[in-house]
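Engineer: Following this line is data.cif, made up of mmCIF, C-alpha atoms:
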```
data_run
loop_
_atom_site.group_PDB
_atom_site.id
_atom_site.type_symbol
_atom_site.label_atom_id
_atom_site.label_comp_id
_atom_site.auth_asym_id
_atom_site.auth_seq_id
_atom_site.Cartn_x
_atom_site.Cartn_y
_atom_site.Cartn_z
ATOM 1 C CA MET A 1 206.858 228.191 38.569
ATOM 2 C CA TYR A 2 204.337 225.901 36.876
ATOM 3 C CA ALA A 3 204.848 222.172 37.235
ATOM 4 C CA SER A 4 203.520 221.306 33.803
ATOM 5 C CA VAL A 5 203.672 223.147 30.506
ATOM 6 C CA LYS A 6 201.306 222.211 27.685
ATOM 7 C CA PHE A 7 201.418 222.729 23.953
ATOM 8 C CA GLY A 8 198.459 224.020 22.053
ATOM 9 C CA VAL A 9 197.075 221.534 19.519
ATOM 10 C CA LYS A 10 197.934 223.854 16.624
ATOM 11 C CA TYR A 11 201.645 223.383 17.357
ATOM 12 C CA GLU A 12 201.678 219.675 16.503
ATOM 13 C CA LYS A 13 202.951 220.240 12.940
ATOM 14 C CA ARG A 14 205.607 222.696 14.149
ATOM 15 C CA ILE A 15 206.840 220.162 16.710
ATOM 16 C CA GLU A 16 207.060 217.507 14.004
ATOM 17 C CA ASP A 17 208.946 219.894 11.695
ATOM 18 C CA ALA A 18 211.406 220.649 14.495
ATOM 19 C CA ILE A 19 211.936 216.909 15.063
ATOM 20 C CA TYR A 20 212.738 216.555 11.350
ATOM 21 C CA PHE A 21 215.230 219.421 11.774
ATOM 22 C CA VAL A 22 216.959 217.489 14.567
ATOM 23 C CA LEU A 23 216.901 214.264 12.525
ATOM 24 C CA ASP A 24 218.397 216.035 9.520
ATOM 25 C CA TYR A 25 221.225 217.362 11.634
ATOM 26 C CA VAL A 26 221.932 214.067 13.370
ATOM 27 C CA LEU A 27 221.694 211.847 10.299
ATOM 28 C CA ASP A 28 223.746 214.227 8.148
ATOM 29 C CA SER A 29 226.554 214.026 10.707
ATOM 30 C CA ASP A 30 229.037 211.218 11.000
ATOM 31 C CA GLU A 31 229.295 211.727 14.735
ATOM 32 C CA VAL A 32 227.398 213.415 17.548
ATOM 33 C CA PRO A 33 228.769 214.449 20.940
ATOM 34 C CA CYS A 34 226.433 212.113 22.848
ATOM 35 C CA PHE A 35 223.313 209.982 22.474
ATOM 36 C CA LEU A 36 220.566 212.485 21.720
ATOM 37 C CA ASP A 37 216.961 211.747 22.659
ATOM 38 C CA ILE A 38 215.559 212.912 19.325
ATOM 39 C CA GLY A 39 211.916 212.167 20.083
ATOM 40 C CA SER A 40 211.704 214.366 23.155
ATOM 41 C CA VAL A 41 214.419 217.004 22.837
ATOM 42 C CA ILE A 42 212.192 219.544 21.070
ATOM 43 C CA PRO A 43 209.213 219.369 23.464
ATOM 44 C CA LYS A 44 211.582 219.460 26.456
ATOM 45 C CA MET A 45 213.493 222.477 25.160
ATOM 46 C CA ALA A 46 210.284 224.348 24.295
ATOM 47 C CA THR A 47 208.730 223.678 27.684
ATOM 48 C CA ALA A 48 211.955 224.793 29.368
ATOM 49 C CA PHE A 49 211.751 228.151 27.586
ATOM 50 C CA ALA A 50 208.054 228.444 28.498
ATOM 51 C CA ARG A 51 208.905 227.778 32.157
ATOM 52 C CA LEU A 52 211.566 230.484 32.061
ATOM 53 C CA ARG A 53 208.747 232.878 31.145
ATOM 54 C CA TYR A 54 206.385 231.437 33.796
ATOM 55 C CA LYS A 55 203.880 230.307 31.167
ATOM 56 C CA ARG A 56 201.540 227.331 31.207
ATOM 57 C CA VAL A 57 201.396 226.964 27.422
ATOM 58 C CA ALA A 58 204.464 226.778 25.193
ATOM 59 C CA THR A 59 204.386 229.067 22.169
ATOM 60 C CA ILE A 60 205.957 228.941 18.733
ATOM 61 C CA LYS A 61 208.594 231.366 20.022
ATOM 62 C CA ASP A 62 209.471 228.896 22.815
ATOM 63 C CA LEU A 63 209.618 226.079 20.276
ATOM 64 C CA ASP A 64 211.879 228.008 17.909
ATOM 65 C CA GLU A 65 214.168 229.225 20.697
ATOM 66 C CA GLY A 66 214.466 225.691 22.084
ATOM 67 C CA LYS A 67 215.322 224.299 18.645
ATOM 68 C CA ASN A 68 217.911 227.011 18.004
ATOM 69 C CA TYR A 69 219.473 226.643 21.441
ATOM 70 C CA TRP A 70 219.709 222.878 20.921
ATOM 71 C CA ALA A 71 221.412 223.328 17.530
ATOM 72 C CA ASN A 72 223.914 225.831 18.914
ATOM 73 C CA SER A 73 224.806 223.654 21.887
ATOM 74 C CA ILE A 74 225.334 220.595 19.672
ATOM 75 C CA ILE A 75 227.514 222.546 17.241
ATOM 76 C CA GLN A 76 229.621 223.875 20.120
ATOM 77 C CA SER A 77 230.004 220.491 21.825
ATOM 78 C CA LYS A 78 230.660 218.408 18.704
ATOM 79 C CA PRO A 79 234.429 219.027 18.595
ATOM 80 C CA GLU A 80 234.745 217.821 22.206
ATOM 81 C CA SER A 81 233.835 214.213 21.559
ATOM 82 C CA GLY A 82 232.092 212.116 18.994
ATOM 83 C CA GLU A 83 229.995 208.981 18.913
ATOM 84 C CA ASN A 84 229.282 207.034 15.738
ATOM 85 C CA ILE A 85 225.738 207.695 14.473
ATOM 86 C CA ASP A 86 225.183 204.201 13.081
ATOM 87 C CA LYS A 87 226.131 202.624 16.384
ATOM 88 C CA LEU A 88 224.027 204.932 18.550
ATOM 89 C CA TYR A 89 220.855 204.981 16.477
ATOM 90 C CA SER A 90 220.597 201.425 15.201
ATOM 91 C CA ILE A 91 217.477 199.539 16.212
ATOM 92 C CA LYS A 92 217.043 195.846 16.871
ATOM 93 C CA ASP A 93 214.362 193.388 15.828
ATOM 94 C CA LYS A 94 212.209 194.200 18.872
ATOM 95 C CA GLU A 95 212.184 197.895 18.056
ATOM 96 C CA GLU A 96 211.451 197.175 14.404
ATOM 97 C CA LEU A 97 208.520 194.941 15.402
ATOM 98 C CA LEU A 98 207.084 197.644 17.646
ATOM 99 C CA ARG A 99 207.586 200.239 14.923
ATOM 100 C CA SER A 100 205.625 198.100 12.460
ATOM 101 C CA GLU A 101 202.863 197.597 15.055
ATOM 102 C CA ILE A 102 202.608 201.364 15.543
ATOM 103 C CA LYS A 103 202.454 201.975 11.797
ATOM 104 C CA GLU A 104 199.810 199.280 11.372
ATOM 105 C CA LEU A 105 197.612 200.734 14.124
ATOM 106 C CA THR A 106 197.967 204.327 12.927
ATOM 107 C CA SER A 107 197.168 203.317 9.333
ATOM 108 C CA THR A 108 193.725 202.168 10.501
ATOM 109 C CA GLY A 109 192.945 205.654 11.802
ATOM 110 C CA ILE A 110 193.057 204.656 15.452
ATOM 111 C CA LYS A 111 194.503 207.256 17.810
ATOM 112 C CA VAL A 112 197.373 205.250 19.236
ATOM 113 C CA THR A 113 198.348 205.938 22.825
ATOM 114 C CA TYR A 114 201.101 204.338 24.880
ATOM 115 C CA GLU A 115 198.533 202.327 26.840
ATOM 116 C CA LEU A 116 196.716 201.068 23.733
ATOM 117 C CA LEU A 117 199.972 200.138 22.062
ATOM 118 C CA GLN A 118 201.108 198.308 25.176
ATOM 119 C CA GLN A 119 197.879 196.272 25.159
ATOM 120 C CA LYS A 120 198.103 195.428 21.438
ATOM 121 C CA SER A 121 201.837 194.748 21.193
ATOM 122 C CA LYS A 122 203.253 191.256 20.848
ATOM 123 C CA LEU A 123 206.278 192.240 22.931
ATOM 124 C CA LEU A 124 206.612 191.304 26.573
ATOM 125 C CA GLU A 125 206.060 194.160 29.016
ATOM 126 C CA SER A 126 209.771 194.517 29.822
ATOM 127 C CA GLU A 127 210.703 194.446 26.125
ATOM 128 C CA PHE A 128 207.924 196.875 25.222
ATOM 129 C CA LYS A 129 209.098 199.759 27.419
ATOM 130 C CA GLU A 130 212.695 199.381 26.300
ATOM 131 C CA ALA A 131 211.717 199.218 22.611
ATOM 132 C CA PHE A 132 209.327 202.178 22.928
ATOM 133 C CA ASP A 133 211.953 204.313 24.652
ATOM 134 C CA LYS A 134 214.558 203.441 22.018
ATOM 135 C CA LEU A 135 212.184 204.279 19.120
ATOM 136 C CA ARG A 136 211.337 207.623 20.740
ATOM 137 C CA ALA A 137 214.932 208.452 21.538
ATOM 138 C CA CYS A 138 216.048 207.580 18.006
ATOM 139 C CA GLY A 139 213.376 209.786 16.464
ATOM 140 C CA TYR A 140 211.163 207.119 14.898
ATOM 141 C CA ILE A 141 208.198 208.155 17.049
ATOM 142 C CA TYR A 142 207.210 210.979 19.370
ATOM 143 C CA VAL A 143 204.410 211.673 21.816
ATOM 144 C CA LYS A 144 202.066 214.395 20.559
ATOM 145 C CA PRO A 145 200.571 217.050 22.822
ATOM 146 C CA ASN A 146 197.308 215.051 22.933
ATOM 147 C CA LYS A 147 199.264 211.995 24.246
ATOM 148 C CA THR A 148 198.918 210.030 21.011
ATOM 149 C CA ILE A 149 201.944 208.580 19.265
ATOM 150 C CA GLY A 150 203.213 210.242 16.114
ATOM 151 C CA VAL A 151 205.324 208.402 13.560
ATOM 152 C CA ILE A 152 208.306 210.091 11.934
ATOM 153 C CA GLU A 153 208.891 208.816 8.414
ATOM 154 C CA TYR A 154 212.479 209.431 7.459
#
```
Show how you would write the structure in this file as structure tokens.

Structural biologist:
Amino acid sequence: MYASVKFGVKYEKRIEDAIYFVLDYVLDSDEVPCFLDIGSVIPKMATAFARLRYKRVATIKDLDEGKNYWANSIIQSKPESGENIDKLYSIKDKEELLRSEIKELTSTGIKVTYELLQQKSKLLESEFKEAFDKLRACGYIYVKPNKTIGVIEY
């Protein structure tokens, strides 16, 4: 089995569309069964399906199957328990500051990576990682196949 699965560059828009699909589902619900890592669930599910097929590159079929499997598992588990959406996906001032820094950098046309953002951010190192992880998990940002940071406007 391959240790690492990659996405082709042409799949970037499809990944973003799938993240919007997840956001739509989560934000249209009053409750979810658990805290969902919105920013990485789609790439993780797609790479899992690619690994099942012993492939190095995830395809659109892997992406679609991962998205559909995720949706089905959430629908089936929702009646079991529920967590309040507003409580789980609220962000604090630190996350909002980092989000505005990301938007500012990307608006200049710079390809923003984790390392560049970490260098430019006003947050302390310990605050930065926590804020970045929360923004990604809540679906405000995601890491593109080329390792740059994508912003989800919702």

Engineer: Translate the PyMOL selection byres ((chain A and resi 62) around 12) into a concrete residue list for this structure, as a PDB file with C-alpha atoms, in the coordinates of the input.

Structural biologist:
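Everything below was put into part.pdb:
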```pdb
ATOM      1  CA  VAL A   5     203.672 223.147  30.506  1.00  0.00           C
ATOM      2  CA  LYS A   6     201.306 222.211  27.685  1.00  0.00           C
ATOM      3  CA  PHE A   7     201.418 222.729  23.953  1.00  0.00           C
ATOM      4  CA  TYR A  11     201.645 223.383  17.357  1.00  0.00           C
ATOM      5  CA  ARG A  14     205.607 222.696  14.149  1.00  0.00           C
ATOM      6  CA  ILE A  15     206.840 220.162  16.710  1.00  0.00           C
ATOM      7  CA  ALA A  18     211.406 220.649  14.495  1.00  0.00           C
ATOM      8  CA  ILE A  42     212.192 219.544  21.070  1.00  0.00           C
ATOM      9  CA  PRO A  43     209.213 219.369  23.464  1.00  0.00           C
ATOM     10  CA  LYS A  44     211.582 219.460  26.456  1.00  0.00           C
ATOM     11  CA  MET A  45     213.493 222.477  25.160  1.00  0.00           C
ATOM     12  CA  ALA A  46     210.284 224.348  24.295  1.00  0.00           C
ATOM     13  CA  THR A  47     208.730 223.678  27.684  1.00  0.00           C
ATOM     14  CA  ALA A  48     211.955 224.793  29.368  1.00  0.00           C
ATOM     15  CA  PHE A  49     211.751 228.151  27.586  1.00  0.00           C
ATOM     16  CA  ALA A  50     208.054 228.444  28.498  1.00  0.00           C
ATOM     17  CA  ARG A  51     208.905 227.778  32.157  1.00  0.00           C
ATOM     18  CA  LEU A  52     211.566 230.484  32.061  1.00  0.00           C
ATOM     19  CA  ARG A  53     208.747 232.878  31.145  1.00  0.00           C
ATOM     20  CA  TYR A  54     206.385 231.437  33.796  1.00  0.00           C
ATOM     21  CA  LYS A  55     203.880 230.307  31.167  1.00  0.00           C
ATOM     22  CA  ARG A  56     201.540 227.331  31.207  1.00  0.00           C
ATOM     23  CA  VAL A  57     201.396 226.964  27.422  1.00  0.00           C
ATOM     24  CA  ALA A  58     204.464 226.778  25.193  1.00  0.00           C
ATOM     25  CA  THR A  59     204.386 229.067  22.169  1.00  0.00           C
ATOM     26  CA  ILE A  60     205.957 228.941  18.733  1.00  0.00           C
ATOM     27  CA  LYS A  61     208.594 231.366  20.022  1.00  0.00           C
ATOM     28  CA  LEU A  63     209.618 226.079  20.276  1.00  0.00           C
ATOM     29  CA  ASP A  64     211.879 228.008  17.909  1.00  0.00           C
ATOM     30  CA  GLU A  65     214.168 229.225  20.697  1.00  0.00           C
ATOM     31  CA  GLY A  66     214.466 225.691  22.084  1.00  0.00           C
ATOM     32  CA  LYS A  67     215.322 224.299  18.645  1.00  0.00           C
ATOM     33  CA  ASN A  68     217.911 227.011  18.004  1.00  0.00           C
ATOM     34  CA  TYR A  69     219.473 226.643  21.441  1.00  0.00           C
TER      35      TYR A  69
END
```

Engineer: With the cut-off set at 9 Å and counting only C-alpha atoms, tabulate each residue of segment 53-131 of chain A with an atom at most that distance from an atom of segment 144-151 of chain A, showing the nearest atom pair and its distance in Å to one decimal, ordered by chain and increasing number, as CSV.

Structural biologist:
```
residue,atom,partner,partner_atom,distance
A:Arg99,CA,A:Val151,CA,8.6
A:Ile102,CA,A:Val151,CA,7.8
A:Lys103,CA,A:Val151,CA,7.3
A:Thr106,CA,A:Val151,CA,8.4
A:Lys111,CA,A:Thr148,CA,6.1
A:Val112,CA,A:Thr148,CA,5.3
A:Thr113,CA,A:Thr148,CA,4.5
A:Tyr114,CA,A:Ile149,CA,7.1
```

Engineer: Rank A:Leu97, A:Val41, A:Ile141, A:Val26 by their smallest atom-to-atom distance to Glu153 of chain A, using all atoms listed in the file, and report the top residue only.

Structural biologist: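 Under the stated criterion, the closest residue is A:Ile141.
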
Engineer: What does the distance between atom CA of Ser126 of chain A and atom CA of Ile91 of chain A come to in Å, to one decimal place?

Structural biologist: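 Atom CA of Ile91 of chain A lies 16.4 Å from atom CA of Ser126 of chain A.
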
Engineer: Mind checking which residues fall within 6 Å of Gly39 of chain A, counting all atoms listed in the file, ignoring those fewer than 6 positions away in the same chain, and posting them as a PyMOL selection string?

Structural biologist: chain A and resi 136-137+139+142

Engineer: Is it possible to get the axis-aligned box enclosing segment 43-59 of chain A (all listed atoms, 4 Å extra per side) as lines of an AutoDock Vina configuration file, with centre and edge lengths in Å rounded to one decimal?

Structural biologist:
```
center_x = 207.4
center_y = 226.1
center_z = 28.0
size_x = 20.1
size_y = 21.5
size_z = 19.6
```

Engineer: Enter the distance from atom CA of Asp37 of chain A to atom CA of Glu130 of chain A, in Å, rounded to one decimal.

Structural biologist: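 Taking atom CA of Asp37 of chain A and atom CA of Glu130 of chain A, their separation equals 13.6 Å.
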
Engineer: Which residue out of A:Leu117, A:Cys138, A:Leu36, A:Leu88 has the minimum interatomic distance to Glu101 of chain A when all atoms listed in the file are used?

Structural biologist: A:Leu117

Engineer: Identify which of the residues A:Phe35, A:Glu12, A:Ile19, A:Asp24 lies closest to Ser90 of chain A, counting all atoms listed in the file when measuring atom-to-atom distances.

Structural biologist: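 Looking only at the distances to Ser90 of chain A, the closest residue turns out to be A:Phe35.
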
Engineer: May I ask for the distance between atom CA of Leu27 of chain A and atom CA of Lys134 of chain A, given in Å to one decimal place?

Structural biologist: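 Interatomic distance, atom CA of Leu27 of chain A to atom CA of Lys134 of chain A: 16.1 Å.
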
Engineer: Which residue gives the smallest distance to Ser100 of chain A among A:Glu127, A:Ser121, A:Tyr25, A:Tyr154, with all atoms listed in the file counted?

Structural biologist: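 For Ser100 of chain A, the nearest of the given residues is A:Ser121.
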
Engineer: Between A:Leu116, A:Val22, A:Leu98, A:Ile110, which is the closest to Ala71 of chain A once you count all atoms listed in the file?

Structural biologist: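 Closest residue, counting all atoms listed in the file: A:Val22.
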